[in-house]
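Trainee: One structure, pasted below without further comment.
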Amino acid sequence: MTVVTSTTNGTSAPAGPATPAPGPAPSKYSFGTLAIHAGQQPDPHTGAVIPALSLSTTYKQSAVGVHNGFEYSRSGNPNRADFETAIAALEHAKYALAFSSGSATTSSVISMLPGGSHVVSVNDVYGGTYRYFTKVAPASGVKATFVDLLDAENLRNVMQENTRMVWIETPTNPTLRLVDIRAVADIAHEYGALLVVDNTFLSPYFQNPLDLGADLVVHSCTKYINGHSDVVLGVAAMNDTQVYDKLKFLQNAIGAVPAPFDCFMAHRGLKTLHLRMRQHEENALAVAALLEASPLVENVIYPGLPSHPQYELAQRQQRGFGGMVTFRIRGDLQTADRFLQSVQLFTLAESLGGVESLCELPVLMTHGSVSPEDRAVLGITDNLIRLSVGVEDTQDLLQDVSQALERAVQVTDTPAA
Ligand SMILES: *Cc1c(COP(=O)(O)O)cnc(C)c1O
């Protein structure tokens with residue numbers, strides 16, 4: 001039987017005998033095959049096709065320091081190691097490390113930096129990451145500067161002697177602006193800084209930042225990777241052994257590790273990532289096209305539309321365009337609110353990346369804590385609506401969006417009380 005592994009991963013130099021025999025190189029297989037087989041070998045003792053949930057907190061040693069690769073579940077757990085192996089294979093990484101949330105991943109990655117370090121972050125970074133950079137990291141002497149990276153060259157203006165890390169997302173949230181990963185990686189490296197890319201929005205199915213020069217790729221697996229809106233989890237993947245050793249040390253030392261059950265669930269979700277992403281994209285393209293053709297819509301932002309200002313970059317650095325669509329409804333906050341109350345299939349809720357379609361109003365929801373000035377800079381207007389297009393049947397989604405648009409604008413505006 002063939003075994004698909006990425007690398008020995010998640011265990012610290014096991015002294016015991018049960019190190020899995022290295023399988024064929026993962027590059028032999030394509031994405032869907034790896035998603036299903038990497039890190040997922042039948043249990044050698046019972047033959048169970050799906051490895052059992054390993055809830056034990058501690059593992060037997062046959063002599064002091066002699067074990068099967070696991071000692072204590074915070075340091076290493078079989079379900080976590082399997083999930084990490086699968087992520088490493090899909091992100092074209094040598095290593096991956098899982099954490100208890102996307103935010104715990106951010107916190108642990110930033111903890112790699114010595115006090116007095118400077119970080120540069122893209123200006124429309126995820127709200128929780130912004131909060132971490134501005135309200136938590138300064139306590140350990142790490143300062144962040146935020147910069148618009150529509151033009152990668154802007155990075156040069158803010159790099160300092162002590163800049164150790166550059167942190168980007170692409171596409172950004174909620175206005176789906178792209179950052180040129182290769183260009184930013186080259187500049188960051190010129191200054192001796194590591195580039196971290198939060199790849200949550202596209203998932204490894206559509207984008208592999210490590211192939212474009214990034215040093216670390218991070219995910220909130222809470223979104224597309226788990227894909228079913230029922231697990232909070234995060235992961236980081238990398239190729240450099242020193243970076244891995246440092247973060248592996250912090251994973252254990254800080255201890256923000258995921259539960260075995262959450263790893264099991266996220267790994268199960270991961271096995272259909274390729275199928276889900278294809279349908280997310282097909283639906284998102286259809287919804288974006290419908291919105292763009294509607295006179296009730298001011299404009300649509302979707303990297304898969306030729307009208308997106310960075311359509312060319314999207315085609316160059318991504319293999320697809322993802323499931324997030326943002327648009328401005330013709331009208332004001334009340335019009336947008338009526339749209340969000342009129343949808344029947346889309347659920348009004350924060351978060352994204354699950355099989356079910358969601359919609360939200362960034363100005364009052366996900367980006368409510370961003371200052372009005374910053375919102376103006378980022379284009380987060382009162383009529384901006386963000387859709388996480390799910391994998392339901394396309395026609396049903398199109399019908400729902402059409403009827404909600406009509407209801408939203410049909411009502412005659414009443415003067416604000
Ligand atoms: C949700 C999200 C995070 C944070 O992840 P959690 O799992 O909620 O802690 C980080 N980055 C992006 C882009 C996200 O969407």
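Chain labels A, B, ... are given in the sequence in which chains occur in the structure tokens; within each chain residues are numbered consecutively from 1, and ligands are likewise numbered from 1 in the order shown.
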Kindly compile the residues surrounding ligand 1 within 7 Å, counting only C-alpha atoms and all ligand atoms, and format them as a list in words.
Mentor: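 My answer, listing the contacting residues, is Ser101, Gly102, Ser103, Ala104, Tyr126, Gly128, Thr129, Glu169, Asp198, Thr200, Phe201, His219, Ser220, Cys221, Thr222, Lys223, Val232, Leu233, Gly234 and Ser351 of chain A.
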Trainee: Those residues you just picked out, can you put them in a file as a short mmCIF file (atom, residue, chain, number, x, y, z; two decimals), in the first residue's frame with all heavy atoms?
Mentor:
data_model
loop_
_atom_site.label_atom_id
_atom_site.label_comp_id
_atom_site.auth_asym_id
_atom_site.auth_seq_id
_atom_site.Cartn_x
_atom_site.Cartn_y
_atom_site.Cartn_z
N SER A 101 -6.42 28.72 16.82
CA SER A 101 -7.24 29.60 15.98
C SER A 101 -6.31 30.31 15.00
O SER A 101 -5.09 30.26 15.16
CB SER A 101 -7.99 30.64 16.83
OG SER A 101 -7.08 31.53 17.44
N GLY A 102 -6.90 31.00 14.03
CA GLY A 102 -6.07 31.83 13.15
C GLY A 102 -5.37 32.89 13.98
O GLY A 102 -4.19 33.21 13.76
N SER A 103 -6.07 33.43 14.97
CA SER A 103 -5.50 34.49 15.81
C SER A 103 -4.36 33.96 16.67
O SER A 103 -3.36 34.66 16.87
CB SER A 103 -6.59 35.10 16.69
OG SER A 103 -7.66 35.55 15.89
N ALA A 104 -4.48 32.72 17.17
CA ALA A 104 -3.39 32.12 17.95
C ALA A 104 -2.18 31.89 17.06
O ALA A 104 -1.03 31.99 17.52
CB ALA A 104 -3.86 30.81 18.56
N TYR A 126 -6.74 41.85 8.14
CA TYR A 126 -7.86 41.34 8.95
C TYR A 126 -7.93 42.10 10.29
O TYR A 126 -6.91 42.34 10.92
CB TYR A 126 -7.64 39.84 9.19
CG TYR A 126 -8.63 39.23 10.14
CD1 TYR A 126 -9.96 39.06 9.76
CD2 TYR A 126 -8.26 38.84 11.42
CE1 TYR A 126 -10.88 38.51 10.64
CE2 TYR A 126 -9.17 38.29 12.30
CZ TYR A 126 -10.48 38.14 11.91
OH TYR A 126 -11.39 37.59 12.78
N GLY A 128 -8.74 41.44 13.34
CA GLY A 128 -8.13 40.84 14.53
C GLY A 128 -6.61 40.94 14.49
O GLY A 128 -5.95 41.06 15.52
N THR A 129 -6.04 40.89 13.29
CA THR A 129 -4.59 41.03 13.14
C THR A 129 -4.19 42.48 13.42
O THR A 129 -3.20 42.73 14.11
CB THR A 129 -4.17 40.61 11.71
OG1 THR A 129 -4.71 39.31 11.44
CG2 THR A 129 -2.67 40.58 11.55
N GLU A 169 -2.05 40.20 3.31
CA GLU A 169 -3.16 39.34 2.90
C GLU A 169 -3.42 39.69 1.45
O GLU A 169 -3.27 40.85 1.07
CB GLU A 169 -4.44 39.70 3.66
CG GLU A 169 -4.55 39.10 5.02
CD GLU A 169 -5.69 39.73 5.81
OE1 GLU A 169 -6.74 40.03 5.22
OE2 GLU A 169 -5.50 39.92 7.01
N ASP A 198 -1.12 35.80 4.76
CA ASP A 198 -2.36 35.20 5.25
C ASP A 198 -3.16 34.78 4.02
O ASP A 198 -3.66 35.62 3.28
CB ASP A 198 -3.11 36.23 6.11
CG ASP A 198 -4.40 35.68 6.71
OD1 ASP A 198 -4.98 34.74 6.13
OD2 ASP A 198 -4.84 36.21 7.74
N THR A 200 -5.90 32.93 3.86
CA THR A 200 -7.24 32.45 4.24
C THR A 200 -8.25 32.59 3.11
O THR A 200 -9.06 31.69 2.88
CB THR A 200 -7.73 33.24 5.47
OG1 THR A 200 -6.83 33.03 6.56
CG2 THR A 200 -9.13 32.82 5.89
N PHE A 201 -8.24 33.73 2.40
CA PHE A 201 -9.31 34.02 1.43
C PHE A 201 -9.29 33.11 0.21
O PHE A 201 -10.34 32.78 -0.32
CB PHE A 201 -9.27 35.49 1.00
CG PHE A 201 -10.18 36.37 1.82
CD1 PHE A 201 -10.25 36.23 3.19
CD2 PHE A 201 -10.99 37.33 1.21
CE1 PHE A 201 -11.11 37.02 3.96
CE2 PHE A 201 -11.84 38.13 1.96
CZ PHE A 201 -11.91 37.98 3.33
N HIS A 219 -3.11 30.52 7.86
CA HIS A 219 -4.54 30.38 7.54
C HIS A 219 -5.37 30.45 8.80
O HIS A 219 -4.98 29.90 9.83
CB HIS A 219 -4.82 29.00 6.94
CG HIS A 219 -4.41 28.85 5.52
ND1 HIS A 219 -5.19 29.30 4.48
CD2 HIS A 219 -3.31 28.30 4.97
CE1 HIS A 219 -4.58 29.03 3.35
NE2 HIS A 219 -3.44 28.43 3.60
N SER A 220 -6.52 31.07 8.68
CA SER A 220 -7.59 30.78 9.62
C SER A 220 -8.33 29.61 8.99
O SER A 220 -9.10 29.78 8.04
CB SER A 220 -8.52 31.98 9.78
OG SER A 220 -9.69 31.55 10.46
N CYS A 221 -8.09 28.40 9.51
CA CYS A 221 -8.75 27.19 8.98
C CYS A 221 -10.24 27.20 9.31
O CYS A 221 -10.99 26.38 8.78
CB CYS A 221 -8.11 25.93 9.56
SG CYS A 221 -6.35 25.84 9.30
N THR A 222 -10.62 28.13 10.20
CA THR A 222 -12.03 28.36 10.54
C THR A 222 -12.85 28.63 9.27
O THR A 222 -14.05 28.40 9.25
CB THR A 222 -12.10 29.59 11.47
OG1 THR A 222 -11.10 29.46 12.48
CG2 THR A 222 -13.46 29.73 12.11
N LYS A 223 -12.20 29.12 8.23
CA LYS A 223 -12.89 29.54 7.02
C LYS A 223 -12.87 28.39 5.99
O LYS A 223 -13.44 27.37 6.25
CB LYS A 223 -12.24 30.83 6.48
CG LYS A 223 -11.92 31.86 7.59
CD LYS A 223 -13.13 32.40 8.31
CE LYS A 223 -12.80 33.17 9.58
NZ LYS A 223 -11.82 34.23 9.47
N VAL A 232 -12.94 26.24 14.99
CA VAL A 232 -12.02 27.38 15.01
C VAL A 232 -10.62 26.81 15.09
O VAL A 232 -10.31 26.04 16.02
CB VAL A 232 -12.32 28.30 16.22
CG1 VAL A 232 -11.23 29.36 16.36
CG2 VAL A 232 -13.69 28.96 16.07
N LEU A 233 -9.77 27.14 14.14
CA LEU A 233 -8.43 26.54 14.08
C LEU A 233 -7.53 27.37 13.16
O LEU A 233 -8.04 28.07 12.27
CB LEU A 233 -8.56 25.10 13.52
CG LEU A 233 -7.39 24.15 13.72
CD1 LEU A 233 -7.89 22.88 14.39
CD2 LEU A 233 -6.73 23.78 12.43
N GLY A 234 -6.23 27.29 13.38
CA GLY A 234 -5.29 28.02 12.52
C GLY A 234 -4.09 27.17 12.18
O GLY A 234 -3.83 26.15 12.83
N SER A 351 -18.03 36.13 9.45
CA SER A 351 -17.26 34.96 9.01
C SER A 351 -17.51 34.64 7.53
O SER A 351 -18.27 35.36 6.84
CB SER A 351 -17.51 33.72 9.87
OG SER A 351 -16.46 32.79 9.65
#
Trainee: Please identify which residues in segment 119-246 of chain A DSSP calls strand (DSSP E) from the backbone, and express them as a PyMOL selection string.
Mentor: chain A and resi 119-122+143-147+163-169+194-198+216-220+234-238
Trainee: Using only C-alpha atoms, what table do you get, as a Markdown table, when you list each residue of segment 330-417 of chain A with an atom no more than 10 Å from segment 273-276 of chain A, its nearest pair of atoms, and their distance in Å rounded to one decimal, rows by chain then rising number?
Mentor:
| residue | atom | partner | partner_atom | distance |
| --- | --- | --- | --- | --- |
| A:Gly353 | CA | A:Arg276 | CA | 9.6 |
| A:Gly354 | CA | A:Arg276 | CA | 9.1 |
| A:Val355 | CA | A:Arg276 | CA | 7.4 |
| A:Gly390 | CA | A:Arg276 | CA | 8.5 |
| A:Val391 | CA | A:Arg276 | CA | 6.6 |
Trainee: Give one line per residue of segment 286-322 of chain A that approaches segment 328-332 of chain A to at most 7 Å, naming the two atoms of the closest pair and their distance in Å to one decimal, counting only C-alpha atoms; sort by chain then ascending residue number and deliver it as JSON lines.
Mentor:
{"residue": "A:Leu296", "atom": "CA", "partner": "A:Arg330", "partner_atom": "CA", "distance": 5.3}
{"residue": "A:Val297", "atom": "CA", "partner": "A:Ile329", "partner_atom": "CA", "distance": 4.5}
{"residue": "A:Glu298", "atom": "CA", "partner": "A:Arg330", "partner_atom": "CA", "distance": 4.9}
{"residue": "A:Asn299", "atom": "CA", "partner": "A:Arg328", "partner_atom": "CA", "distance": 5.4}
{"residue": "A:Val300", "atom": "CA", "partner": "A:Arg328", "partner_atom": "CA", "distance": 6.5}
Trainee: So how many Å separate atom CA of Gly116 of chain A and atom CA of Met165 of chain A, to one decimal?
Mentor: 12.2 Å
Trainee: Have a look at A:Ser369, A:Gln395, A:Tyr311, A:Ala88 and name the one nearest to Tyr130 of chain A; count only C-alpha atoms.
Mentor: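 Distance minimum relative to Tyr130 of chain A lands on A:Ser369.
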Trainee: Which one of A:Leu155, A:Val179, A:Ala286, A:Ile380 sits closest to Ala193 of chain A if you count only C-alpha atoms?
Mentor: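 Residue with the minimum atom-to-atom distance to Ala193 of chain A: A:Leu155.
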Trainee: If you count only C-alpha atoms, which residues fall within 12 Å of Gly368 of chain A, apart from same-chain ones fewer than 4 positions away, as a list in words?
Mentor: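 After dropping sequence-adjacent residues, the list is Gly127, Glu350, Glu360, Leu361, Pro362, Val363, Leu364, Pro372, Asp374, Arg375, Ile380, Thr381 and Asp382 of chain A.
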Trainee: Keeping only N, CA, C and O atoms, write the selected residues as a PDB file, in the first residue's frame.
Mentor:
ATOM      1  N   GLY A 127      -9.147  42.462  10.688  1.00  0.00           N
ATOM      2  CA  GLY A 127      -9.362  43.288  11.889  1.00  0.00           C
ATOM      3  C   GLY A 127      -8.689  42.747  13.138  1.00  0.00           C
ATOM      4  O   GLY A 127      -8.106  43.507  13.921  1.00  0.00           O
ATOM      5  N   GLU A 350     -21.349  37.246  10.340  1.00  0.00           N
ATOM      6  CA  GLU A 350     -19.930  37.449  10.096  1.00  0.00           C
ATOM      7  C   GLU A 350     -19.315  36.096   9.720  1.00  0.00           C
ATOM      8  O   GLU A 350     -20.007  35.096   9.706  1.00  0.00           O
ATOM      9  N   GLU A 360     -22.925  40.201   4.793  1.00  0.00           N
ATOM     10  CA  GLU A 360     -22.731  41.108   5.927  1.00  0.00           C
ATOM     11  C   GLU A 360     -22.469  42.526   5.454  1.00  0.00           C
ATOM     12  O   GLU A 360     -22.165  42.756   4.273  1.00  0.00           O
ATOM     13  N   LEU A 361     -22.597  43.473   6.381  1.00  0.00           N
ATOM     14  CA  LEU A 361     -22.384  44.895   6.120  1.00  0.00           C
ATOM     15  C   LEU A 361     -21.104  45.312   6.849  1.00  0.00           C
ATOM     16  O   LEU A 361     -21.134  45.573   8.053  1.00  0.00           O
ATOM     17  N   PRO A 362     -19.967  45.360   6.141  1.00  0.00           N
ATOM     18  CA  PRO A 362     -18.693  45.635   6.814  1.00  0.00           C
ATOM     19  C   PRO A 362     -18.716  46.901   7.688  1.00  0.00           C
ATOM     20  O   PRO A 362     -18.160  46.897   8.787  1.00  0.00           O
ATOM     21  N   VAL A 363     -19.379  47.972   7.225  1.00  0.00           N
ATOM     22  CA  VAL A 363     -19.297  49.250   7.946  1.00  0.00           C
ATOM     23  C   VAL A 363     -19.806  49.118   9.377  1.00  0.00           C
ATOM     24  O   VAL A 363     -19.297  49.782  10.287  1.00  0.00           O
ATOM     25  N   LEU A 364     -20.783  48.251   9.604  1.00  0.00           N
ATOM     26  CA  LEU A 364     -21.327  48.090  10.959  1.00  0.00           C
ATOM     27  C   LEU A 364     -20.950  46.760  11.604  1.00  0.00           C
ATOM     28  O   LEU A 364     -21.139  46.577  12.793  1.00  0.00           O
ATOM     29  N   PRO A 372     -13.744  56.038  10.979  1.00  0.00           N
ATOM     30  CA  PRO A 372     -14.369  56.541   9.755  1.00  0.00           C
ATOM     31  C   PRO A 372     -13.336  57.017   8.723  1.00  0.00           C
ATOM     32  O   PRO A 372     -13.514  56.788   7.521  1.00  0.00           O
ATOM     33  N   ASP A 374     -10.220  55.882   8.298  1.00  0.00           N
ATOM     34  CA  ASP A 374      -9.597  54.711   7.677  1.00  0.00           C
ATOM     35  C   ASP A 374     -10.582  53.992   6.751  1.00  0.00           C
ATOM     36  O   ASP A 374     -10.192  53.487   5.699  1.00  0.00           O
ATOM     37  N   ARG A 375     -11.847  53.986   7.148  1.00  0.00           N
ATOM     38  CA  ARG A 375     -12.849  53.333   6.294  1.00  0.00           C
ATOM     39  C   ARG A 375     -12.951  54.070   4.957  1.00  0.00           C
ATOM     40  O   ARG A 375     -13.082  53.448   3.904  1.00  0.00           O
ATOM     41  N   ILE A 380     -14.581  51.502   2.425  1.00  0.00           N
ATOM     42  CA  ILE A 380     -15.654  50.774   3.120  1.00  0.00           C
ATOM     43  C   ILE A 380     -16.810  51.753   3.348  1.00  0.00           C
ATOM     44  O   ILE A 380     -16.917  52.404   4.387  1.00  0.00           O
ATOM     45  N   THR A 381     -17.653  51.853   2.332  1.00  0.00           N
ATOM     46  CA  THR A 381     -18.764  52.806   2.371  1.00  0.00           C
ATOM     47  C   THR A 381     -19.995  52.160   3.011  1.00  0.00           C
ATOM     48  O   THR A 381     -20.039  50.950   3.223  1.00  0.00           O
ATOM     49  N   ASP A 382     -21.025  53.001   3.292  1.00  0.00           N
ATOM     50  CA  ASP A 382     -22.245  52.519   3.963  1.00  0.00           C
ATOM     51  C   ASP A 382     -23.023  51.520   3.105  1.00  0.00           C
ATOM     52  O   ASP A 382     -23.813  50.731   3.633  1.00  0.00           O
TER      53      ASP A 382
END
Trainee: May I ask for the distance between atom CA of Pro258 of chain A and atom CA of Val196 of chain A, given in Å to one decimal place?
Mentor: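 Distance between the two atoms: 21.1 Å.
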Trainee: With a distance cut-off of 12 Å and only C-alpha atoms, select the neighbouring residues of segment 133-144 of chain A, excluding the residue or stretch itself and same-chain residues fewer than 3 positions from it, and output the selection as a ChimeraX atom specification.
Mentor: /A:103,106-123,125-130,147,158-160,162-167
Trainee: Taking the DSSP secondary structure from the backbone, can you list the residues of segment 150-326 of chain A that are alpha helix (DSSP H), as an MDAnalysis selection string?
Mentor: chainID A and resid 154:158 181:190 203:206 241:254 260:270 273:293 311:317
Trainee: Between atom CA of Thr105 of chain A and atom CA of Gly213 of chain A, what is the spacing in Å?
Mentor: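 Going from atom CA of Gly213 of chain A over to atom CA of Thr105 of chain A, I get 20.0 Å.
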Trainee: Between A:Ala284, A:Ala293, A:Leu340, A:Val325, which residue has the minimum interatomic distance to Glu392 of chain A, considering only C-alpha atoms?
Mentor: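 So, comparing all the options, the nearest one is A:Ala284.
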Trainee: Which residue is closest to Ala376 of chain A? Choose from A:Asp124, A:Phe346, A:Arg407, A:Val197 and count only C-alpha atoms.
Mentor: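 For Ala376 of chain A, the nearest of the given residues is A:Asp124.
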Trainee: Check the smallest atom-to-atom distance from each of A:Gln344, A:Gln40, A:Asn252, A:Thr170 to Ser203 of chain A using only C-alpha atoms, then report the winner.
Mentor: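 Counting only C-alpha atoms, the residue closest to Ser203 of chain A is A:Thr170.
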